[in-house]
file target-v7.csv (CSV, C-alpha atoms (C1' of nucleotides))
chain,number,residue,atom,x,y,z
G,1,MET,CA,7.4,-23.2,-14.7
G,2,ALA,CA,8.6,-26.8,-15.4
G,3,GLU,CA,11.3,-27.1,-12.8
G,4,GLU,CA,9.3,-25.5,-10.0
G,5,PRO,CA,5.7,-26.6,-9.5
G,6,TYR,CA,4.8,-24.1,-6.8
G,7,SER,CA,6.5,-21.1,-8.4
G,8,MET,CA,3.4,-19.1,-9.2
G,9,TYR,CA,1.6,-19.5,-5.9
G,10,SER,CA,2.7,-16.2,-4.4
G,11,PHE,CA,1.9,-14.4,-7.6
G,12,LEU,CA,-1.6,-15.9,-7.8
G,13,LEU,CA,-2.2,-15.3,-4.1
G,14,ASP,CA,-1.2,-11.7,-4.3
G,15,ARG,CA,-3.1,-11.1,-7.5
G,16,THR,CA,-6.3,-12.6,-6.3
G,17,ALA,CA,-6.2,-10.8,-2.9
G,18,ARG,CA,-5.9,-7.6,-4.8
G,19,SER,CA,-8.7,-8.5,-7.1
G,20,VAL,CA,-11.0,-9.1,-4.2
G,21,LYS,CA,-10.0,-5.9,-2.5
G,22,GLN,CA,-10.3,-3.9,-5.6
G,23,TYR,CA,-13.7,-5.3,-6.5
G,24,ALA,CA,-15.0,-4.7,-3.0
G,25,GLN,CA,-13.6,-1.2,-3.0
G,26,ARG,CA,-15.3,-0.4,-6.4
G,27,ARG,CA,-18.7,-1.7,-5.1
G,28,PHE,CA,-18.3,0.3,-1.9
G,29,LYS,CA,-17.8,3.4,-4.0
G,30,GLU,CA,-20.6,2.6,-6.4
G,31,LEU,CA,-23.0,2.1,-3.5
G,32,GLY,CA,-21.8,5.3,-1.8
G,33,PHE,CA,-20.5,3.6,1.4
G,34,ASN,CA,-17.9,6.3,1.8
G,35,ILE,CA,-15.4,4.1,3.6
G,36,THR,CA,-12.6,1.8,2.5
G,37,LEU,CA,-12.6,-2.0,2.9
G,38,ASP,CA,-10.0,-1.8,5.6
G,39,GLN,CA,-12.1,0.8,7.5
G,40,TRP,CA,-15.0,-1.6,7.2
G,41,LEU,CA,-13.0,-4.4,8.8
G,42,VAL,CA,-12.4,-2.2,11.8
G,43,LEU,CA,-16.0,-1.1,12.1
G,44,ARG,CA,-17.2,-4.7,11.8
G,45,ARG,CA,-14.9,-5.9,14.6
G,46,LEU,CA,-16.0,-3.0,16.8
G,47,PHE,CA,-19.6,-4.0,16.2
G,48,ASP,CA,-19.0,-7.4,17.8
G,49,HIS,CA,-16.4,-6.4,20.4
G,50,GLN,CA,-16.9,-3.1,22.1
G,51,ASP,CA,-14.0,-1.6,24.1
G,52,LEU,CA,-11.0,-3.0,22.5
G,53,ASN,CA,-7.8,-1.1,22.7
G,54,GLN,CA,-5.8,-0.4,19.5
G,55,LYS,CA,-3.3,-3.1,20.1
G,56,GLU,CA,-6.0,-5.8,20.5
G,57,LEU,CA,-7.9,-4.4,17.5
G,58,ALA,CA,-4.7,-4.4,15.4
G,59,GLU,CA,-4.1,-8.1,16.2
G,60,LEU,CA,-7.7,-9.0,15.4
G,61,ILE,CA,-7.5,-7.7,11.9
G,62,PHE,CA,-3.8,-8.5,11.5
G,63,LYS,CA,-2.5,-5.1,10.9
G,64,ASP,CA,0.4,-3.3,12.7
G,65,THR,CA,-0.3,-0.5,15.1
G,66,PRO,CA,0.9,2.4,13.0
G,67,THR,CA,-1.5,1.3,10.2
G,68,LEU,CA,-4.3,0.9,12.7
G,69,THR,CA,-3.6,4.3,14.2
G,70,ARG,CA,-4.2,5.9,10.8
G,71,ILE,CA,-7.4,3.9,10.1
G,72,ILE,CA,-8.8,5.0,13.5
G,73,ASP,CA,-7.8,8.6,12.8
G,74,LEU,CA,-9.8,8.5,9.6
G,75,LEU,CA,-12.8,6.8,11.2
G,76,CYS,CA,-12.8,9.3,14.1
G,77,LYS,CA,-12.7,12.1,11.6
G,78,LYS,CA,-15.7,10.6,9.9
G,79,ARG,CA,-17.4,10.4,13.4
G,80,LEU,CA,-17.9,6.7,13.1
G,81,THR,CA,-15.6,5.8,16.1
G,82,LYS,CA,-14.3,7.5,19.2
G,83,ARG,CA,-11.3,7.0,21.4
G,84,LYS,CA,-11.7,6.8,25.1
G,85,LEU,CA,-8.7,7.0,27.5
G,86,ASP,CA,-8.3,4.0,29.8
G,87,LEU,CA,-8.0,5.5,33.3
G,88,ASP,CA,-6.4,2.3,34.6
G,89,ASP,CA,-3.6,2.3,31.9
G,90,ARG,CA,-3.1,5.7,30.5
G,91,ARG,CA,-1.0,4.3,27.6
G,92,CYS,CA,-4.2,2.8,26.1
G,93,PHE,CA,-7.1,4.1,24.2
G,94,HIS,CA,-10.3,2.1,24.0
G,95,VAL,CA,-12.0,2.4,20.6
G,96,ALA,CA,-15.8,2.3,20.3
G,97,LEU,CA,-18.4,2.9,17.6
G,98,THR,CA,-20.4,6.1,17.8
G,99,PRO,CA,-24.1,5.7,17.3
G,100,ALA,CA,-23.6,6.8,13.7
G,101,GLY,CA,-20.9,4.1,13.4
G,102,ARG,CA,-23.2,1.4,14.8
G,103,ALA,CA,-26.0,2.5,12.5
G,104,LYS,CA,-23.6,2.4,9.5
G,105,VAL,CA,-22.5,-1.2,10.3
G,106,GLU,CA,-26.1,-2.3,10.6
G,107,LYS,CA,-27.1,-0.7,7.3
G,108,LEU,CA,-24.1,-2.0,5.3
G,109,MET,CA,-23.8,-5.5,6.7
G,110,PRO,CA,-26.2,-7.2,4.3
G,111,GLN,CA,-24.8,-5.4,1.3
G,112,VAL,CA,-21.2,-6.3,2.2
G,113,ARG,CA,-22.3,-9.9,2.4
G,114,GLY,CA,-23.6,-9.7,-1.1
G,115,ILE,CA,-20.3,-8.2,-2.4
G,116,ARG,CA,-18.3,-10.9,-0.6
G,117,LEU,CA,-20.4,-13.8,-2.0
G,118,LYS,CA,-19.9,-12.6,-5.6
G,119,ALA,CA,-16.3,-13.8,-5.4
G,120,TRP,CA,-17.4,-17.3,-4.3
G,121,GLU,CA,-19.9,-18.0,-7.1
G,122,GLY,CA,-19.5,-21.5,-8.4
G,123,LEU,CA,-17.4,-22.7,-5.5
G,124,SER,CA,-18.5,-25.0,-2.8
G,125,VAL,CA,-18.3,-25.4,1.0
G,126,ARG,CA,-15.8,-28.1,0.4
G,127,ASP,CA,-13.7,-25.8,-1.7
G,128,PHE,CA,-13.9,-23.3,1.1
G,129,ARG,CA,-12.6,-25.8,3.6
G,130,GLN,CA,-9.6,-26.7,1.4
G,131,PHE,CA,-8.9,-23.0,0.7
G,132,LYS,CA,-9.0,-22.2,4.4
G,133,ARG,CA,-6.7,-25.1,5.3
G,134,ILE,CA,-4.1,-24.2,2.7
G,135,LEU,CA,-4.1,-20.4,3.6
G,136,ASN,CA,-3.7,-21.2,7.2
G,137,ALA,CA,-0.9,-23.7,6.5
G,138,ILE,CA,1.0,-21.1,4.5
G,139,HIS,CA,0.4,-18.4,7.1
G,140,LEU,CA,1.7,-20.7,9.9
G,141,ASN,CA,4.7,-21.8,7.9
G,142,LEU,CA,5.9,-18.2,7.9
G,143,LYS,CA,5.2,-17.3,11.5
X,1,MET,CA,-19.7,-17.2,11.5
X,2,ALA,CA,-22.6,-19.6,11.8
X,3,GLU,CA,-24.9,-18.0,9.2
X,4,GLU,CA,-22.3,-17.3,6.6
X,5,PRO,CA,-19.8,-20.1,5.8
X,6,TYR,CA,-17.6,-18.1,3.5
X,7,SER,CA,-17.5,-15.0,5.6
X,8,MET,CA,-13.8,-15.2,6.4
X,9,TYR,CA,-12.3,-16.0,3.1
X,10,SER,CA,-11.4,-12.5,2.1
X,11,PHE,CA,-9.8,-11.8,5.5
X,12,LEU,CA,-7.8,-15.1,5.3
X,13,LEU,CA,-6.8,-14.3,1.8
X,14,ASP,CA,-5.6,-10.8,2.5
X,15,ARG,CA,-3.9,-11.9,5.7
X,16,THR,CA,-2.0,-14.7,4.1
X,17,ALA,CA,-1.0,-12.7,1.0
X,18,ARG,CA,0.5,-10.1,3.4
X,19,SER,CA,2.2,-12.8,5.4
X,20,VAL,CA,3.9,-14.1,2.3
X,21,LYS,CA,4.9,-10.7,1.1
X,22,GLN,CA,6.1,-9.6,4.6
X,23,TYR,CA,8.1,-12.8,5.0
X,24,ALA,CA,9.8,-12.5,1.6
X,25,GLN,CA,10.5,-8.8,2.3
X,26,ARG,CA,12.1,-9.6,5.6
X,27,ARG,CA,14.3,-12.3,4.1
X,28,PHE,CA,15.3,-10.0,1.2
X,29,LYS,CA,16.4,-7.5,3.8
X,30,GLU,CA,18.3,-10.0,5.9
X,31,LEU,CA,20.1,-11.3,2.8
X,32,GLY,CA,21.0,-7.8,1.7
X,33,PHE,CA,19.1,-8.0,-1.6
X,34,ASN,CA,18.4,-4.2,-1.5
X,35,ILE,CA,15.3,-4.5,-3.6
X,36,THR,CA,11.6,-5.1,-2.7
X,37,LEU,CA,9.5,-8.1,-3.7
X,38,ASP,CA,7.6,-6.1,-6.2
X,39,GLN,CA,10.8,-4.9,-7.8
X,40,TRP,CA,12.0,-8.5,-7.9
X,41,LEU,CA,8.8,-9.5,-9.8
X,42,VAL,CA,9.7,-6.9,-12.5
X,43,LEU,CA,13.3,-7.9,-12.7
X,44,ARG,CA,12.4,-11.6,-13.0
X,45,ARG,CA,10.0,-10.9,-15.9
X,46,LEU,CA,12.5,-8.8,-17.7
X,47,PHE,CA,15.0,-11.6,-17.4
X,48,ASP,CA,12.7,-13.9,-19.4
X,49,HIS,CA,11.2,-11.3,-21.7
X,50,GLN,CA,13.5,-8.6,-23.0
X,51,ASP,CA,12.1,-5.5,-24.6
X,52,LEU,CA,8.6,-5.3,-23.1
X,53,ASN,CA,7.0,-1.9,-22.9
X,54,GLN,CA,5.6,-0.7,-19.6
X,55,LYS,CA,2.0,-1.6,-20.5
X,56,GLU,CA,2.9,-5.2,-21.4
X,57,LEU,CA,5.0,-5.5,-18.3
X,58,ALA,CA,2.2,-4.1,-16.1
X,59,GLU,CA,-0.2,-6.7,-17.5
X,60,LEU,CA,2.2,-9.5,-16.9
X,61,ILE,CA,2.6,-8.7,-13.2
X,62,PHE,CA,-1.0,-7.5,-12.8
X,63,LYS,CA,-0.3,-4.0,-11.7
X,64,ASP,CA,-1.6,-0.8,-13.1
X,65,THR,CA,0.6,1.5,-15.2
X,66,PRO,CA,1.1,4.3,-12.6
X,67,THR,CA,2.3,1.7,-10.1
X,68,LEU,CA,4.6,0.2,-12.7
X,69,THR,CA,6.0,3.6,-13.6
X,70,ARG,CA,7.1,4.2,-10.1
X,71,ILE,CA,8.7,0.7,-9.7
X,72,ILE,CA,10.6,1.2,-12.9
X,73,ASP,CA,11.7,4.7,-11.7
X,74,LEU,CA,13.2,3.1,-8.6
X,75,LEU,CA,14.8,0.3,-10.6
X,76,CYS,CA,16.4,2.8,-13.0
X,77,LYS,CA,17.6,4.8,-10.1
X,78,LYS,CA,19.3,1.7,-8.8
X,79,ARG,CA,20.8,1.1,-12.3
X,80,LEU,CA,19.2,-2.3,-12.6
X,81,THR,CA,17.0,-1.4,-15.6
X,82,LYS,CA,16.9,1.1,-18.4
X,83,ARG,CA,14.2,2.7,-20.6
X,84,LYS,CA,14.7,2.8,-24.3
X,85,LEU,CA,12.5,4.9,-26.5
X,86,ASP,CA,10.6,3.0,-29.2
X,87,LEU,CA,11.3,4.9,-32.5
X,88,ASP,CA,8.3,3.3,-34.2
X,89,ASP,CA,5.8,4.4,-31.5
X,90,ARG,CA,7.1,7.3,-29.5
X,91,ARG,CA,4.5,6.9,-26.8
X,92,CYS,CA,6.3,3.7,-25.6
X,93,PHE,CA,9.3,2.9,-23.7
X,94,HIS,CA,10.9,-0.5,-23.8
X,95,VAL,CA,12.3,-1.6,-20.5
X,96,ALA,CA,15.4,-3.8,-20.3
X,97,LEU,CA,17.8,-5.1,-17.7
X,98,THR,CA,21.2,-3.5,-17.4
X,99,PRO,CA,24.2,-5.9,-17.1
X,100,ALA,CA,24.0,-5.2,-13.4
X,101,GLY,CA,20.3,-6.0,-13.4
X,102,ARG,CA,20.9,-9.3,-15.2
X,103,ALA,CA,23.7,-10.3,-12.9
X,104,LYS,CA,21.5,-9.5,-9.9
X,105,VAL,CA,18.7,-11.8,-11.2
X,106,GLU,CA,21.1,-14.6,-11.8
X,107,LYS,CA,22.6,-14.3,-8.3
X,108,LEU,CA,19.3,-14.0,-6.5
X,109,MET,CA,17.2,-16.5,-8.4
X,110,PRO,CA,18.1,-19.6,-6.3
X,111,GLN,CA,17.8,-17.8,-3.0
X,112,VAL,CA,14.3,-16.5,-4.0
X,113,ARG,CA,13.2,-20.0,-4.8
X,114,GLY,CA,14.2,-21.1,-1.3
X,115,ILE,CA,12.3,-18.2,0.3
X,116,ARG,CA,9.2,-19.1,-1.8
X,117,LEU,CA,9.3,-22.8,-0.9
X,118,LYS,CA,9.3,-22.1,2.9
X,119,ALA,CA,5.7,-21.1,2.7
X,120,TRP,CA,4.8,-24.4,1.0
X,121,GLU,CA,6.3,-26.7,3.6
X,122,GLY,CA,4.0,-29.6,4.4
X,123,LEU,CA,1.7,-29.0,1.4
X,124,SER,CA,1.5,-31.1,-1.7
X,125,VAL,CA,1.3,-30.8,-5.4
X,126,ARG,CA,-2.4,-31.8,-5.1
X,127,ASP,CA,-2.9,-28.9,-2.6
X,128,PHE,CA,-1.3,-26.6,-5.1
X,129,ARG,CA,-3.7,-27.6,-7.8
X,130,GLN,CA,-6.7,-27.0,-5.6
X,131,PHE,CA,-5.3,-23.7,-4.4
X,132,LYS,CA,-4.6,-22.5,-8.0
X,133,ARG,CA,-8.1,-23.6,-9.2
X,134,ILE,CA,-9.8,-21.7,-6.4
X,135,LEU,CA,-7.7,-18.6,-6.7
X,136,ASN,CA,-8.3,-18.5,-10.4
X,137,ALA,CA,-12.1,-19.0,-9.9
X,138,ILE,CA,-12.3,-16.1,-7.5
X,139,HIS,CA,-10.3,-13.9,-9.7
X,140,LEU,CA,-12.4,-14.7,-12.8
X,141,ASN,CA,-15.7,-14.2,-10.8
X,142,LEU,CA,-14.6,-10.6,-10.2
X,143,LYS,CA,-13.4,-9.8,-13.7
Z,1,DT,C1',-7.4,14.3,-44.7
Z,2,DC,C1',-8.4,15.7,-40.4
Z,3,DA,C1',-10.8,15.8,-36.1
Z,4,DA,C1',-12.2,12.6,-32.5
Z,5,DA,C1',-11.1,8.5,-30.1
Z,6,DA,C1',-7.8,5.6,-28.3
Z,7,DT,C1',-3.3,4.5,-26.3
Z,8,DA,C1',1.3,4.8,-23.4
Z,9,DG,C1',3.1,6.9,-19.9
Z,10,DT,C1',3.3,10.4,-16.1
Z,11,DT,C1',1.7,13.0,-12.2
Z,12,DG,C1',-1.4,13.9,-8.1
Z,13,DT,C1',-4.1,12.4,-4.2
Z,14,DT,C1',-5.5,9.4,-0.7
Z,15,DA,C1',-4.9,5.1,1.8
Z,16,DT,C1',-2.4,1.1,3.2
Z,17,DA,C1',2.1,-1.6,4.6
Z,18,DC,C1',6.0,-1.9,7.3
Z,19,DG,C1',10.1,-0.9,9.8
Z,20,DA,C1',12.4,2.4,12.8
Z,21,DA,C1',12.4,5.9,16.1
Z,22,DT,C1',9.9,8.5,19.7
Z,23,DT,C1',7.0,9.6,23.7
Z,24,DA,C1',4.4,8.5,27.6
Z,25,DT,C1',3.3,5.1,30.9
Z,26,DT,C1',3.6,0.8,33.4
Z,27,DC,C1',6.0,-3.3,35.0
Z,28,DG,C1',9.7,-6.1,36.9
Z,29,DT,C1',13.5,-6.8,39.6
Z,30,DG,C1',17.2,-5.6,42.5
H,1,DC,C1',11.6,2.4,46.2
H,2,DA,C1',14.1,3.1,41.9
H,3,DC,C1',15.6,2.3,37.6
H,4,DG,C1',15.9,-0.2,33.4
H,5,DA,C1',12.9,-3.1,30.5
H,6,DA,C1',8.6,-3.5,28.3
H,7,DT,C1',4.4,-1.7,26.4
H,8,DA,C1',0.7,1.3,23.8
H,9,DA,C1',0.4,4.6,20.7
H,10,DT,C1',2.2,8.0,17.5
H,11,DT,C1',5.3,9.9,14.0
H,12,DC,C1',8.4,9.4,10.1
H,13,DG,C1',10.2,7.6,5.7
H,14,DT,C1',9.7,4.8,1.8
H,15,DA,C1',7.0,1.8,-1.2
H,16,DT,C1',2.8,0.0,-3.1
H,17,DA,C1',-2.4,0.4,-4.6
H,18,DA,C1',-6.1,2.5,-6.9
H,19,DC,C1',-8.2,6.0,-9.4
H,20,DA,C1',-8.5,10.4,-11.8
H,21,DA,C1',-6.6,13.8,-14.6
H,22,DC,C1',-3.2,15.1,-17.9
H,23,DT,C1',0.4,15.1,-21.9
H,24,DA,C1',2.0,13.3,-26.0
H,25,DT,C1',1.4,10.5,-29.6
H,26,DT,C1',-1.0,7.3,-32.9
H,27,DT,C1',-5.2,5.3,-34.9
H,28,DT,C1',-9.8,5.7,-36.5
H,29,DG,C1',-13.3,6.7,-39.4
H,30,DA,C1',-16.4,10.0,-41.7
call {"tool": "encode", "arguments": {"input": "target-v7.csv", "output": "structure tokens"}}
result
Amino acid sequence: MAEEPYSMYSFLLDRTARSVKQYAQRRFKELGFNITLDQWLVLRRLFDHQDLNQKELAELIFKDTPTLTRIIDLLCKKRLTKRKLDLDDRRCFHVALTPAGRAKVEKLMPQVRGIRLKAWEGLSVRDFRQFKRILNAIHLNLK
Amino acid sequence: MAEEPYSMYSFLLDRTARSVKQYAQRRFKELGFNITLDQWLVLRRLFDHQDLNQKELAELIFKDTPTLTRIIDLLCKKRLTKRKLDLDDRRCFHVALTPAGRAKVEKLMPQVRGIRLKAWEGLSVRDFRQFKRILNAIHLNLK
DNA sequence: TCAAAATAGTTGTTATACGAATTATTCGTG
DNA sequence: CACGAATAATTCGTATAACAACTATTTTGA
């Protein structure tokens, strides 16, 4: 667009984000992971941080609480996570991996790294720094 | 993550894409546009290219045909677009703006530009070129 | 020419996205 | 202490996202 140099950024951003998600989802399916990418994000965070409540978890992965509730519902149905009532604050649940959930993260972690790296082929660490800086700047502009 | 320099790119990408969409959606609502951002994308393309069929339109905005069908359904219900049967190929519909749809695009265009530019505050044309290059590279890696 | 393949669009299912409203509980302040 | 405000989680409604299956046409290739 001649009169508007930035006009396509939001389209490119959205398109590429969906490409990445779609590719990962397809590979997850081909490899028989039996979880979605968003479910993976939750499992991965729980692997590093045990005993988060849903609010904290939602903030970590930048999703709202209704969305997180449903992801946790699905993960609990798959017996990969469990909810534990916080006796000090009975409004909260603490979410934790089950042994099966922990085993799943350990098993999938190297494969997920491979899937993620595919997108970055031919790009450098320097590119990554630029990319990160710009994405963060956009995000902060809209806070 | 120490062992994996690129590990957060997909998270940042997805988070920022959602920030942008969410911000635009909020402003659309505040300004009483009464359409979604995705519906806007369709209207905007139809403004430049009359008489596309749904397949062509889907490719332009990088969505699949079921998703586009549903967006067009909503736009037709709002009387902003109409479907016209192609007599040469009766599998196709041509989609066009109604007069109300065209008027809406003309009215909203400058406001949408303002919304879009908010995200880019403090960033340069040079940043945009980098950003575009990297997004396109990722997208092409996953084709 | 005519049956198989390809194509445009729709419908169904599952999951995510987001705002609004609701419930249960806890906090803050008078 | 009490009561209204704030908070954590859930539920609801609508829209998008992806994929599979389906219908109706058109194209193809033997």
call {"tool": "atom_distance", "arguments": {"input": "target-v7.csv", "atom1": "CA of Leu41 (chain X)", "atom2": "CA of Ser19 (chain X)"}}
result
16.9 Å
call {"tool": "interface_residues", "arguments": {"input": "target-v7.csv", "of": "chain H", "to": "chain X", "cutoff": "12 Å", "atoms": "all atoms listed in the file", "output": "list in words"}}
result
DT14, DA15, DT16, DA17, DA18, DC19, DA20, DT23, DA24, DT25, DT26 and DT27 of chain H
call {"tool": "residues_around", "arguments": {"input": "target-v7.csv", "residues": "DG29 (chain H)", "least_positions_apart": "3", "cutoff": "12 Å", "atoms": "only C-alpha atoms (C1' of nucleotides)", "output": "ChimeraX atom specification"}}
result
/Z:1-5
call {"tool": "closest_atom_pairs", "arguments": {"input": "target-v7.csv", "of": "chain X", "to": "chain G", "cutoff": "7 Å", "atoms": "only C-alpha atoms", "output": "tab-separated table"}}
result
residue	atom	partner	partner_atom	distance
X:Tyr6	CA	G:Phe128	CA	6.8
X:Leu12	CA	G:Leu135	CA	6.7
X:Leu13	CA	G:Ala17	CA	5.9
X:Asp14	CA	G:Ala17	CA	5.4
X:Arg15	CA	G:Phe62	CA	6.7
X:Thr16	CA	G:His139	CA	5.3
X:Ala17	CA	G:Asp14	CA	5.4
X:Ser19	CA	G:His139	CA	6.1
X:Tyr23	CA	G:Leu142	CA	6.5
X:Phe62	CA	G:Arg15	CA	6.7
X:Lys118	CA	G:Asn141	CA	6.8
X:Ala119	CA	G:Ile138	CA	5.0
X:Trp120	CA	G:Ile138	CA	6.1
X:Glu121	CA	G:Asn141	CA	6.7
X:Phe128	CA	G:Tyr6	CA	6.8
X:Phe131	CA	G:Phe131	CA	6.3
X:Leu135	CA	G:Thr16	CA	6.2
X:Ile138	CA	G:Ala119	CA	5.1
X:His139	CA	G:Thr16	CA	5.4
X:Asn141	CA	G:Ala119	CA	5.4
X:Leu142	CA	G:Ala119	CA	6.0
call {"tool": "write_last_selection", "arguments": {"input": "target-v7.csv", "atoms": "C-alpha atoms", "output": "PDB file, in the frame of the given file"}}
result
ATOM      1  CA  TYR X   6     -17.600 -18.100   3.500  1.00  0.00           C
ATOM      2  CA  LEU X  12      -7.800 -15.100   5.300  1.00  0.00           C
ATOM      3  CA  LEU X  13      -6.800 -14.300   1.800  1.00  0.00           C
ATOM      4  CA  ASP X  14      -5.600 -10.800   2.500  1.00  0.00           C
ATOM      5  CA  ARG X  15      -3.900 -11.900   5.700  1.00  0.00           C
ATOM      6  CA  THR X  16      -2.000 -14.700   4.100  1.00  0.00           C
ATOM      7  CA  ALA X  17      -1.000 -12.700   1.000  1.00  0.00           C
ATOM      8  CA  SER X  19       2.200 -12.800   5.400  1.00  0.00           C
ATOM      9  CA  TYR X  23       8.100 -12.800   5.000  1.00  0.00           C
ATOM     10  CA  PHE X  62      -1.000  -7.500 -12.800  1.00  0.00           C
ATOM     11  CA  LYS X 118       9.300 -22.100   2.900  1.00  0.00           C
ATOM     12  CA  ALA X 119       5.700 -21.100   2.700  1.00  0.00           C
ATOM     13  CA  TRP X 120       4.800 -24.400   1.000  1.00  0.00           C
ATOM     14  CA  GLU X 121       6.300 -26.700   3.600  1.00  0.00           C
ATOM     15  CA  PHE X 128      -1.300 -26.600  -5.100  1.00  0.00           C
ATOM     16  CA  PHE X 131      -5.300 -23.700  -4.400  1.00  0.00           C
ATOM     17  CA  LEU X 135      -7.700 -18.600  -6.700  1.00  0.00           C
ATOM     18  CA  ILE X 138     -12.300 -16.100  -7.500  1.00  0.00           C
ATOM     19  CA  HIS X 139     -10.300 -13.900  -9.700  1.00  0.00           C
ATOM     20  CA  ASN X 141     -15.700 -14.200 -10.800  1.00  0.00           C
ATOM     21  CA  LEU X 142     -14.600 -10.600 -10.200  1.00  0.00           C
TER      22      LEU X 142
END
call {"tool": "atom_distance", "arguments": {"input": "target-v7.csv", "atom1": "CA of Ile35 (chain X)", "atom2": "CA of Phe93 (chain X)"}}
result
22.2 Å
call {"tool": "interface_residues", "arguments": {"input": "target-v7.csv", "of": "chain Z", "to": "chain X", "cutoff": "12 Å", "atoms": "only C-alpha atoms (C1' of nucleotides)", "output": "list in words"}}
result
DT7, DA8, DG9, DT10, DT11, DG12, DT16, DA17, DC18 and DG19 of chain Z
call {"tool": "residues_around", "arguments": {"input": "target-v7.csv", "residues": "Lys104 (chain X)", "least_positions_apart": "5", "cutoff": "10 Å", "atoms": "all atoms listed in the file", "output": "ChimeraX atom specification"}}
result
/X:33,40,43-44,80,97-99,109
call {"tool": "atom_distance", "arguments": {"input": "target-v7.csv", "atom1": "C1' of DC22 (chain H)", "atom2": "CA of Lys78 (chain X)"}}
result
27.7 Å
